[in-house]
Amino acid sequence: MDTVDASAHYSQSIDEKPSLLVLILDTNPYAWSTLSATLPLDRALASILIFLNAHMAFSHANRVAVIASHTKSARFLYPTTTTTAAAGGSGGEDPFRDANKYRQFRIIEDQVQASFAELMRQTTTEELVDSKETMMAGALGLALGYINRLVRVDDGGIGGGIGGGGGEVISMNARILVVSVSGDLAEQYVPVMNSIFAAQRKKIPIDICKVAGETVFLQQASDTTRGIYMQLEHPESLLQYLMMSFIPDTATRRHLVPPTQINVDFRAACFCHKNVVDIGFVCSICLSIFCTPPEGAICTTCNTKLDISALGNFGGSPAVVSTKKKRTKKLKQSKATSFSNEASATSTPGTPAS
Amino acid sequence: MADSDEDYIATDDEEIGAHNVGKGGRHRGAGGAAAAAGRSGARSKNGNKSGGGAQKRERWEDIKRSWDNVVEGEDGSLSSTVAGLLEAGKRKRLLKDTTPLQRGIIRHLILILDLSSAMMEKDFRPTRYLVSLRYACDFVREYFEQNPISQLGVLGMRDGLAVRVSDLSGNPVDHIEAIGKLRLDEGKGAPSLQNALEMSRAALFHAPSHGTREVVIVFGALLSSDPGDIHQTINHLVEDKIRVSVVGLSAQVAVCRELCKRTNAGDESVYGVALDDKHFRELLLDTTVPPVTRSAKMSASSLLMMGFPSRMVEKTASLCACHSALTKGGYLCSRCSTKVCALPMECPACGLTLILSTHLARSYHHLFPLKNWVEVPWKAASKSTHCYACQIPFPHPPTKPEELSAPAKTATGTSVSSRYACTICHNHFCIDCDVFCHETLYNCPACQSSVPKGKVSNGAGGRGDPMEVD
């Protein structure tokens, strides 16, 4: 009886911190228009709002932020700096008096919808010409900056520096969820990578909900930060995916088997043509990746003259061994006849001698 | 910061001074290979402070009271002053040179740990020995975090011998395990700098010319028991282009100082003596930042062929080429499809360097640092009400015109309007985001979330220009 230790029951419930969810919504109109048959943007937004409400419903202290990663800009949809104007203008009646809805839900819904409408109103058609990218690096930067303020209890400037502060106190579990629809981020390789490493250092998982398109870097992001990666097979049931896979916070995930991708593409993009390569040439000074040795062996990034002798003749045409000069042949001709019998007898063991 | 230490040295000085009255001057105890010049030379930059002699007022004569800095605010509370002091501290840490310098990114480093009897001192708790082992593990982790494609080896100095702790390799786990095994042991005998340096010279002999060769020594003793002439060893190190940096634990040692000076082209800032536990960690982890390339001769630049394999998972286990172990999944060499289980590694079959692109990307921020942000005067402050990144509200501009025209930078170095502006996109940030962006993120979120003008890809402007050689 004495061996029963009851303290084990209590020790598990210590780690109950509120969680912060930062949702980055890729709002590239091109990508969404290709999806309009299965999942129009307004339905996606509705699903996302339900998901956010579900997250808020877990705890009073839970927090949420929404960031739009648009074609030419990244901005906060919630919380916005022009809070009162956006929230008050949408409903007509005072939103806080509505008895049928949890106030927090109402505020989030109104603000997200209002600022989203504002974002779309500001997007002009000429802006959209040849802009198929999305400002994912900026959106990740904003998300990390926001998380950094909310999560960190100020430790009096002791931490920081190299090593990222050993004794930092974390008051919230934060995570980032990216709802991504567009592909290729090759233009933003370095900043996206920097954001990923910052998230890794701060132990913030980046979850990727990939509705359409394919991005190598976002795969790497979720793999490096131990987040969830999901490529949706049926985009129309976005809400189902969100509710089933992305709702558990970092503390809960330890008890679950979260879906992750198995094969991660770790190929890099070359700096010269933005090609994704699996064998590349790397400048030893600035670590730029090239798909072929640069012209004149001068690195295009740091202008250093590079020594390419170590590469050998990679990629060159195969050399032809030149025939020996006739004069030497003549000299050896007399000897050659005497060797020829021996050679045929000894060189290929196992074959019958002729 | 280290007032108690200074006091201790002061009594030392007093004695020497008393003996030298006849000569009419008080000077430090003379050099010699193992003479302690005192802890005041913690960073040798500060070292010349102690050489002033009689004219200079001593430290204890200028009394600084920390409570003099704290003034009550208008509302009678201290919170605003304390917040200001905190902000000043953060800002001070932040401002550093952001010229993109050429750095040795591919490093080959030998960490030499002092395992002699001097390490059994208890001035660091619990002992110097255990503290140095703990920080050595931190060092290994941080080193591979900052320099993922570099190599590291660990040596120890004990009983007048150099002991090999772990071989030069790129896997942090091996080193941490090897260092962990030392924990059961304890410091013994005298250290020998010469033996350790010669052994690391041999270990670094094969390092390719495009990488750096470095030695970092944690040195607790005040002596070195050498079999031969250490100055000759130093000459050999200079010839082999090996740089040595030393972290001392007790006091400055003349031979270490010379060692650092000679092997670092006259730069003594790589020799530091730890004042306390925290300072020791700081000094040791400072060496994880890739070193600046001083002259074009220091490292040959070359183009390296590397493979970027993708990870795959198999249904059935198969043997990996590196350890001959059965594993389910791993990485396939992009040239010959040999399976290896961990990266970075050289393909055992075809010799291609296999790395993850994320390894390379980790080093980019050393090469393209984010520029320092500038203080914003009240006049320019009205354009923002909130921090761009974290949405924290800024204080409103004052109404009085004389306050409005105050200079942007306050006496403590902080911004008068609590705003800091990126020099490229001119957006405003708070101090916390300033610190976060410069120390963790290495991006400007605002530059990244608007369309770049002229395609500056990192907000650093480092692209296309030849990097400066210091």
# chains A, B, ... in the order shown; residues from 1 in each chain; ligands from 1

$ closest_atom_pairs --of "chain B" --to "chain A" --cutoff "7 Å" --atoms "only C-alpha atoms" --output "Markdown table"
| residue | atom | partner | partner_atom | distance |
| --- | --- | --- | --- | --- |
| B:Leu86 | CA | A:Gly156 | CA | 6.6 |
| B:Lys90 | CA | A:Gly157 | CA | 6.3 |
| B:Gln102 | CA | A:Ile285 | CA | 7.0 |
| B:Ile105 | CA | A:Ile285 | CA | 7.0 |
| B:Glu142 | CA | A:Gly163 | CA | 6.8 |
| B:His210 | CA | A:Ser284 | CA | 6.5 |
| B:Leu285 | CA | A:Ile162 | CA | 6.9 |
| B:Ser301 | CA | A:Leu306 | CA | 5.3 |
| B:Ser302 | CA | A:Asp307 | CA | 4.2 |
| B:Leu303 | CA | A:Cys283 | CA | 4.8 |
| B:Leu304 | CA | A:Val282 | CA | 5.0 |
| B:Met305 | CA | A:Phe281 | CA | 4.5 |
| B:Met306 | CA | A:Gly280 | CA | 5.4 |
| B:Gly307 | CA | A:Ile279 | CA | 4.3 |
| B:Phe308 | CA | A:Asp278 | CA | 4.7 |
| B:Pro309 | CA | A:Asp278 | CA | 6.2 |
| B:Ser310 | CA | A:Phe266 | CA | 4.9 |
| B:Arg311 | CA | A:Val264 | CA | 5.6 |
| B:Met312 | CA | A:Asn263 | CA | 4.9 |
| B:Val313 | CA | A:Ile262 | CA | 6.5 |
| B:Ser334 | CA | A:Asp278 | CA | 6.2 |
| B:Leu356 | CA | A:Phe266 | CA | 6.1 |
| B:Ser357 | CA | A:Ala268 | CA | 5.3 |
| B:Leu360 | CA | A:Leu287 | CA | 6.5 |
| B:Ala361 | CA | A:Met193 | CA | 6.4 |
| B:Leu367 | CA | A:Cys286 | CA | 6.7 |
| B:His386 | CA | A:Thr81 | CA | 7.0 |
| B:Ala389 | CA | A:Leu142 | CA | 4.8 |
| B:Cys390 | CA | A:Tyr146 | CA | 4.0 |
| B:Gln391 | CA | A:Thr81 | CA | 6.9 |
| B:Cys433 | CA | A:Gly145 | CA | 6.0 |
| B:Glu439 | CA | A:Gly161 | CA | 6.6 |
| B:Thr440 | CA | A:Ala198 | CA | 5.3 |
| B:Leu441 | CA | A:Ala198 | CA | 5.1 |
| B:Tyr442 | CA | A:Asn194 | CA | 6.4 |
| B:Asn443 | CA | A:Pro191 | CA | 6.2 |
| B:Pro445 | CA | A:Gly141 | CA | 4.7 |
| B:Ala446 | CA | A:Gly138 | CA | 6.5 |
| B:Gln448 | CA | A:Gly138 | CA | 4.3 |
| B:Ser449 | CA | A:Gly138 | CA | 4.1 |
| B:Ser450 | CA | A:Ser73 | CA | 4.6 |
| B:Val451 | CA | A:Lys72 | CA | 5.5 |
| B:Asn458 | CA | A:Pro191 | CA | 6.4 |
| B:Arg463 | CA | A:Thr301 | CA | 5.8 |
| B:Gly464 | CA | A:Thr301 | CA | 5.0 |
| B:Asp465 | CA | A:Cys302 | CA | 6.0 |
| B:Pro466 | CA | A:Cys302 | CA | 4.7 |
| B:Met467 | CA | A:Cys302 | CA | 6.0 |

$ closest_atom_pairs --of "segment 74-152 of chain B" --to "segment 230-253 of chain B" --cutoff "10 Å" --atoms "only C-alpha atoms" --output "JSON lines"
{"residue": "B:His108", "atom": "CA", "partner": "B:Ile242", "partner_atom": "CA", "distance": 9.7}
{"residue": "B:Leu109", "atom": "CA", "partner": "B:Arg243", "partner_atom": "CA", "distance": 9.3}
{"residue": "B:Ile110", "atom": "CA", "partner": "B:Val244", "partner_atom": "CA", "distance": 9.4}
{"residue": "B:Leu111", "atom": "CA", "partner": "B:Ser245", "partner_atom": "CA", "distance": 9.8}
{"residue": "B:Ile112", "atom": "CA", "partner": "B:Val246", "partner_atom": "CA", "distance": 9.3}
{"residue": "B:Asp114", "atom": "CA", "partner": "B:Gly248", "partner_atom": "CA", "distance": 9.9}
{"residue": "B:Ala118", "atom": "CA", "partner": "B:Ser250", "partner_atom": "CA", "distance": 9.2}
{"residue": "B:Met119", "atom": "CA", "partner": "B:Leu249", "partner_atom": "CA", "distance": 8.8}
{"residue": "B:Glu121", "atom": "CA", "partner": "B:Ser250", "partner_atom": "CA", "distance": 9.6}
{"residue": "B:Asp123", "atom": "CA", "partner": "B:Ser250", "partner_atom": "CA", "distance": 9.0}
{"residue": "B:Phe124", "atom": "CA", "partner": "B:Leu249", "partner_atom": "CA", "distance": 9.1}
{"residue": "B:Arg128", "atom": "CA", "partner": "B:Leu249", "partner_atom": "CA", "distance": 8.0}
{"residue": "B:Ser132", "atom": "CA", "partner": "B:Leu249", "partner_atom": "CA", "distance": 9.3}

$ closest_residue --among "B:Pro227, B:Arg91, B:Pro395, B:Met345" --to "His359 of chain B" --atoms "only C-alpha atoms"
B:Met345

$ atom_distance --atom1 "atom CA of Leu78 of chain B" --atom2 "atom CA of Ala408 of chain B"
23.1 Å

$ residues_around --residues "Phe139 of chain B" --least-positions-apart "3" --cutoff "9 Å" --atoms "only C-alpha atoms" --output "JSON, numbers by chain"
{"B": [134, 135, 136, 142, 143, 144, 281, 284, 285, 287, 288]}

$ residues_around --residues "Gly170 of chain B" --least-positions-apart "4" --cutoff "10 Å" --atoms "only C-alpha atoms" --output "number ranges by chain"
B: 108, 144, 147-153, 174-175, 343-345

$ select_by_dssp --residues "segment 63-281 of chain A" --states "strand (DSSP E)" --output "VMD selection string"
chain A and resid 63 to 69 74 to 78 173 to 180 206 to 210 229 to 231 268 to 269 276 to 277 279 to 281

$ select_by_dssp --residues "segment 91-152 of chain A" --states "helix (DSSP H, G or I)" --output "PDB file with C-alpha atoms, in the first residue's frame"
ATOM      1  CA  GLY A  91     -23.765  45.255 -38.244  1.00  0.00           C
ATOM      2  CA  PRO A  95     -22.810  43.992 -31.772  1.00  0.00           C
ATOM      3  CA  PHE A  96     -22.210  43.693 -28.062  1.00  0.00           C
ATOM      4  CA  ARG A  97     -25.906  43.734 -27.295  1.00  0.00           C
ATOM      5  CA  ARG A 103     -19.347  38.198 -27.741  1.00  0.00           C
ATOM      6  CA  GLN A 104     -15.856  37.085 -28.631  1.00  0.00           C
ATOM      7  CA  PHE A 105     -17.118  35.130 -31.641  1.00  0.00           C
ATOM      8  CA  ARG A 106     -19.021  38.138 -32.826  1.00  0.00           C
ATOM      9  CA  ILE A 107     -16.046  40.464 -32.590  1.00  0.00           C
ATOM     10  CA  ILE A 108     -13.763  38.128 -34.501  1.00  0.00           C
ATOM     11  CA  GLU A 109     -16.278  37.425 -37.227  1.00  0.00           C
ATOM     12  CA  ASP A 110     -17.151  41.062 -37.753  1.00  0.00           C
ATOM     13  CA  GLN A 111     -13.583  42.255 -37.793  1.00  0.00           C
ATOM     14  CA  VAL A 112     -12.256  39.556 -40.060  1.00  0.00           C
ATOM     15  CA  GLN A 113     -15.066  40.028 -42.530  1.00  0.00           C
ATOM     16  CA  ALA A 114     -14.835  43.805 -42.482  1.00  0.00           C
ATOM     17  CA  SER A 115     -11.094  43.943 -42.973  1.00  0.00           C
ATOM     18  CA  PHE A 116     -11.258  41.209 -45.562  1.00  0.00           C
ATOM     19  CA  ALA A 117     -13.827  43.195 -47.539  1.00  0.00           C
ATOM     20  CA  GLU A 118     -11.584  46.230 -47.166  1.00  0.00           C
ATOM     21  CA  LEU A 119      -8.630  44.271 -48.509  1.00  0.00           C
ATOM     22  CA  MET A 120     -10.565  43.074 -51.525  1.00  0.00           C
ATOM     23  CA  ARG A 121     -11.914  46.551 -52.178  1.00  0.00           C
ATOM     24  CA  GLN A 122      -8.393  47.936 -52.262  1.00  0.00           C
ATOM     25  CA  THR A 125      -7.352  44.797 -61.385  1.00  0.00           C
ATOM     26  CA  GLU A 126      -4.140  46.378 -62.630  1.00  0.00           C
ATOM     27  CA  GLU A 127      -2.441  45.308 -59.405  1.00  0.00           C
ATOM     28  CA  LEU A 128      -3.297  41.732 -60.173  1.00  0.00           C
ATOM     29  CA  MET A 136       4.193  34.475 -47.352  1.00  0.00           C
ATOM     30  CA  ALA A 137       7.515  35.648 -45.921  1.00  0.00           C
ATOM     31  CA  GLY A 138       6.012  38.895 -44.698  1.00  0.00           C
ATOM     32  CA  ALA A 139       2.977  37.155 -43.279  1.00  0.00           C
ATOM     33  CA  LEU A 140       5.168  34.706 -41.374  1.00  0.00           C
ATOM     34  CA  GLY A 141       7.261  37.619 -40.118  1.00  0.00           C
ATOM     35  CA  LEU A 142       4.180  39.448 -38.851  1.00  0.00           C
ATOM     36  CA  ALA A 143       2.870  36.278 -37.246  1.00  0.00           C
ATOM     37  CA  LEU A 144       6.148  35.619 -35.435  1.00  0.00           C
ATOM     38  CA  GLY A 145       6.408  39.225 -34.274  1.00  0.00           C
ATOM     39  CA  TYR A 146       2.881  39.098 -32.900  1.00  0.00           C
ATOM     40  CA  ILE A 147       3.465  35.767 -31.189  1.00  0.00           C
ATOM     41  CA  ASN A 148       6.719  37.063 -29.749  1.00  0.00           C
ATOM     42  CA  ARG A 149       4.903  39.869 -27.946  1.00  0.00           C
ATOM     43  CA  LEU A 150       1.923  37.874 -26.710  1.00  0.00           C
ATOM     44  CA  VAL A 151       3.763  34.781 -25.645  1.00  0.00           C
TER      45      VAL A 151
END

$ closest_atom_pairs --of "segment 299-373 of chain B" --to "segment 421-430 of chain B" --cutoff "8 Å" --atoms "only C-alpha atoms" --output "JSON lines"
{"residue": "B:Lys371", "atom": "CA", "partner": "B:Thr423", "partner_atom": "CA", "distance": 7.8}
{"residue": "B:Asn372", "atom": "CA", "partner": "B:Cys422", "partner_atom": "CA", "distance": 7.5}
{"residue": "B:Trp373", "atom": "CA", "partner": "B:Cys422", "partner_atom": "CA", "distance": 4.8}

$ atom_distance --atom1 "atom CA of Leu193 of chain B" --atom2 "atom CA of Ser224 of chain B"
5.7 Å
